[in-house]
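S.K.: Shown below is the structure under consideration.
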Amino acid sequence: MRADRLVAVLLLLQSRGRVTAAEVAAELEVSLATARRDLEALSTAGVPVYPQPGRGGGWSLVGGARTDLSGLTRDEAHALFLVAGPAAGDPATRTALRKLVRALPGTFRAEAEAAAQAVVVDHGAWGDVPEGRPALVDRLQRSVVTRHRVELTYASRRGRSRRVVEPLGLVAKDEVWYLLADGLAGRRTFRVDRVEAVAERAETFDVPADFDLAREWSRVVDEVERRRSTTVATVVVAERFLPVLRRQFGRHCTDVRSDVHDAGAGRVRCRLAAPTALDLARTLAGWGGDLEVLAPDTVRDELARLGRELTRTYDVQPTVGRAPADVPS
């Protein structure tokens, strides 16, 4: 749920005391199902919001209709602003945060403002210019929120295609945005930077009752990582280099402590994975003699081949019996 919409729901509860999901949907211009999910998400996240069934019921804030913003505790206010603060580059989010600060109890305001400014998210690596948020992300996000089908013009490795999909959610991973969507071919994951055009259609759709974006993305990641770890090499490395190896290979560096004793003093044995033997060899070649590949032979052969190529390219033949050029004879 977007930070600005979360703030809008809280402010609506603050001003009215009790609201129905239909009132939230009308006020925020979202579907009834989305309004219900937003209210339930607030409650699940620990915000003191609860439903009252029956005639005259609705959703209320713990503590009464005129509690200071929602009855948020100090820790809850801190958590909310820490989450929303890094997104405050967006004008709508900045406006929402200003309104939220004014609605907080006076004793919370200074700390809430400090929390909003406590974290800066810099997505650029050292030496890089960070890329901006893709323009199509906002359009796709609106369709996710309003539950409208969209027609994508998509350029994959197999060529350009057009397809109508039901956008379920967006994920940003390592500066790349992905769209999870249902379509005629089933559930698919699309890279947003390969989407050339988006056309929202008039028809809406219902999200599957069992769909959870975080759980579904975890499944996608597991499947991608499984395909990226089909070749496994057993290596021996000095124990002091393990942190570097772990950072380089991430989840594809395993069993790093299982064979400490038979690997030799100060050395450990571990397994590294990559899609192919060549991928592993190219990565490990930079370690030189600091790391030894025990198996499989395919990786060892690729390392030997790379070594021969480097030797042919960079080896300088010794000049026996001849003074260096810069030494006078």
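Chains: A, B, ... in order of the structure tokens. Residues: from 1 per chain. Ligands: from 1, in order shown.
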Could you pull the residues within 6 Å of Leu168 in chain A, counting only C-alpha atoms, minus those fewer than 2 positions along the same chain, as a list of chain:residue names?
M.R.: A:Val144, A:Leu180, A:Ala181
S.K.: To one decimal place, how far is CA of Val171 in chain A from CA of Trp217 in chain A in Å?
M.R.: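 Between CA of Val171 in chain A and CA of Trp217 in chain A the gap is 7.8 Å.
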S.K.: List as a Markdown table every residue of range 119-211 of chain A that is in contact with range 32-44 of chain A, defined as an atom at most 9 Å from one of its atoms (using only C-alpha atoms), together with the nearest atom pair and the distance in Å rounded to one decimal, sorted by chain and then rising number.
M.R.:
| residue | atom | partner | partner_atom | distance |
| --- | --- | --- | --- | --- |
| A:Val145 | CA | A:Thr34 | CA | 7.1 |
| A:Thr146 | CA | A:Thr34 | CA | 7.7 |
| A:Arg147 | CA | A:Thr34 | CA | 8.4 |
| A:Asp206 | CA | A:Ala33 | CA | 8.3 |
| A:Val207 | CA | A:Ala33 | CA | 9.0 |
S.K.: Can you spit out the residues from that selection as a compact mmCIF listing (two decimals), in the first residue's frame, using all heavy atoms?
M.R.:
# COMPACT_ATOMS: atom_id res chain seq x y z
N VAL A 145 -3.75 -0.53 -8.36
CA VAL A 145 -4.62 -0.04 -7.28
C VAL A 145 -6.09 -0.08 -7.68
O VAL A 145 -6.96 -0.50 -6.90
CB VAL A 145 -4.21 1.40 -6.88
CG1 VAL A 145 -5.23 2.00 -5.92
CG2 VAL A 145 -2.82 1.40 -6.25
N THR A 146 -6.40 0.35 -8.93
CA THR A 146 -7.80 0.41 -9.35
C THR A 146 -8.30 -0.91 -9.92
O THR A 146 -9.47 -1.04 -10.23
CB THR A 146 -7.98 1.51 -10.41
OG1 THR A 146 -7.15 1.22 -11.55
CG2 THR A 146 -7.59 2.87 -9.83
N ARG A 147 -7.39 -1.90 -10.08
CA ARG A 147 -7.75 -3.23 -10.57
C ARG A 147 -8.32 -3.16 -11.99
O ARG A 147 -9.35 -3.76 -12.29
CB ARG A 147 -8.74 -3.93 -9.63
CG ARG A 147 -8.27 -4.04 -8.19
CD ARG A 147 -6.91 -4.68 -8.09
NE ARG A 147 -6.53 -4.91 -6.70
CZ ARG A 147 -5.29 -5.15 -6.30
NH1 ARG A 147 -4.31 -5.19 -7.17
NH2 ARG A 147 -5.03 -5.38 -5.03
N ASP A 206 -10.91 -9.07 -10.39
CA ASP A 206 -10.80 -9.39 -8.98
C ASP A 206 -9.47 -10.10 -8.72
O ASP A 206 -9.10 -11.02 -9.46
CB ASP A 206 -11.95 -10.28 -8.51
CG ASP A 206 -13.29 -9.56 -8.55
OD1 ASP A 206 -13.30 -8.35 -8.26
OD2 ASP A 206 -14.30 -10.20 -8.90
N VAL A 207 -8.80 -9.67 -7.69
CA VAL A 207 -7.54 -10.32 -7.30
C VAL A 207 -7.87 -11.66 -6.66
O VAL A 207 -8.79 -11.75 -5.84
CB VAL A 207 -6.75 -9.43 -6.33
CG1 VAL A 207 -5.49 -10.14 -5.85
CG2 VAL A 207 -6.39 -8.11 -6.99
S.K.: Which is closest to Leu284 in chain A among A:Val236, A:Leu184, A:Val47, A:Ala199, if we use only C-alpha atoms?
M.R.: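 Closest candidate: A:Val236.
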S.K.: One decimal, Å: what's the distance from CA of Pro134 in chain A over to CA of Glu151 in chain A, could you say?
M.R.: 17.5 Å
S.K.: Using only C-alpha atoms, which protein or nucleic acid residues come within 7 Å of Cys253 in chain A? Drop anything in the same chain fewer than 4 positions from it, and give the result as an MDAnalysis selection string.
M.R.: chainID A and resid 246 249 270:273
S.K.: Pull the alpha helix (DSSP H) assignments for range 115-246 of chain A out of DSSP run on the backbone, and list those residues as a PyMOL selection string.
M.R.: chain A and resi 115-116+135-146+213-227+242-246
S.K.: Within 7 Å of Leu170 in chain A, counting only C-alpha atoms, which residues qualify if same-chain residues fewer than 3 places away don't, as a PyMOL selection string?
M.R.: chain A and resi 177-180
S.K.: Could you check the closest approach to Glu196 in chain A for each of A:Arg251, A:Pro243, A:Val137, A:Ala233 and tell me which residue wins, using only C-alpha atoms?
M.R.: A:Val137
S.K.: Could you check the closest approach to Thr95 in chain A for each of A:Ala8, A:Ala77, A:Leu242, A:Pro53 and tell me which residue wins, using only C-alpha atoms?
M.R.: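 Closest candidate: A:Ala8.
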S.K.: Need the shell around range 153-161 of chain A: protein/DNA/RNA residues with any atom at most 9 Å away, counting only C-alpha atoms. Skip same-chain ones fewer than 4 positions apart. Format as a list in words?
M.R.: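 Residues meeting the cut-off are Phe190, Arg191, Val192, Arg194, Val195, Glu196, Ala197, Val198 and Ala199 of chain A.
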S.K.: What does the file look like for those residues with C-alpha atoms, as a short mmCIF file (atom, residue, chain, number, x, y, z; two decimals), in the first residue's frame?
M.R.:
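So the final result, stored in again.cif, reads:
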data_model
loop_
_atom_site.label_atom_id
_atom_site.label_comp_id
_atom_site.auth_asym_id
_atom_site.auth_seq_id
_atom_site.Cartn_x
_atom_site.Cartn_y
_atom_site.Cartn_z
CA PHE A 190 7.49 -8.73 -16.60
CA ARG A 191 10.48 -6.38 -16.45
CA VAL A 192 9.07 -2.85 -16.56
CA ARG A 194 11.01 -3.90 -21.36
CA VAL A 195 7.45 -2.55 -21.42
CA GLU A 196 7.24 -0.13 -24.36
CA ALA A 197 3.64 1.00 -23.87
CA VAL A 198 0.75 0.59 -21.43
CA ALA A 199 -2.92 1.07 -22.29
#
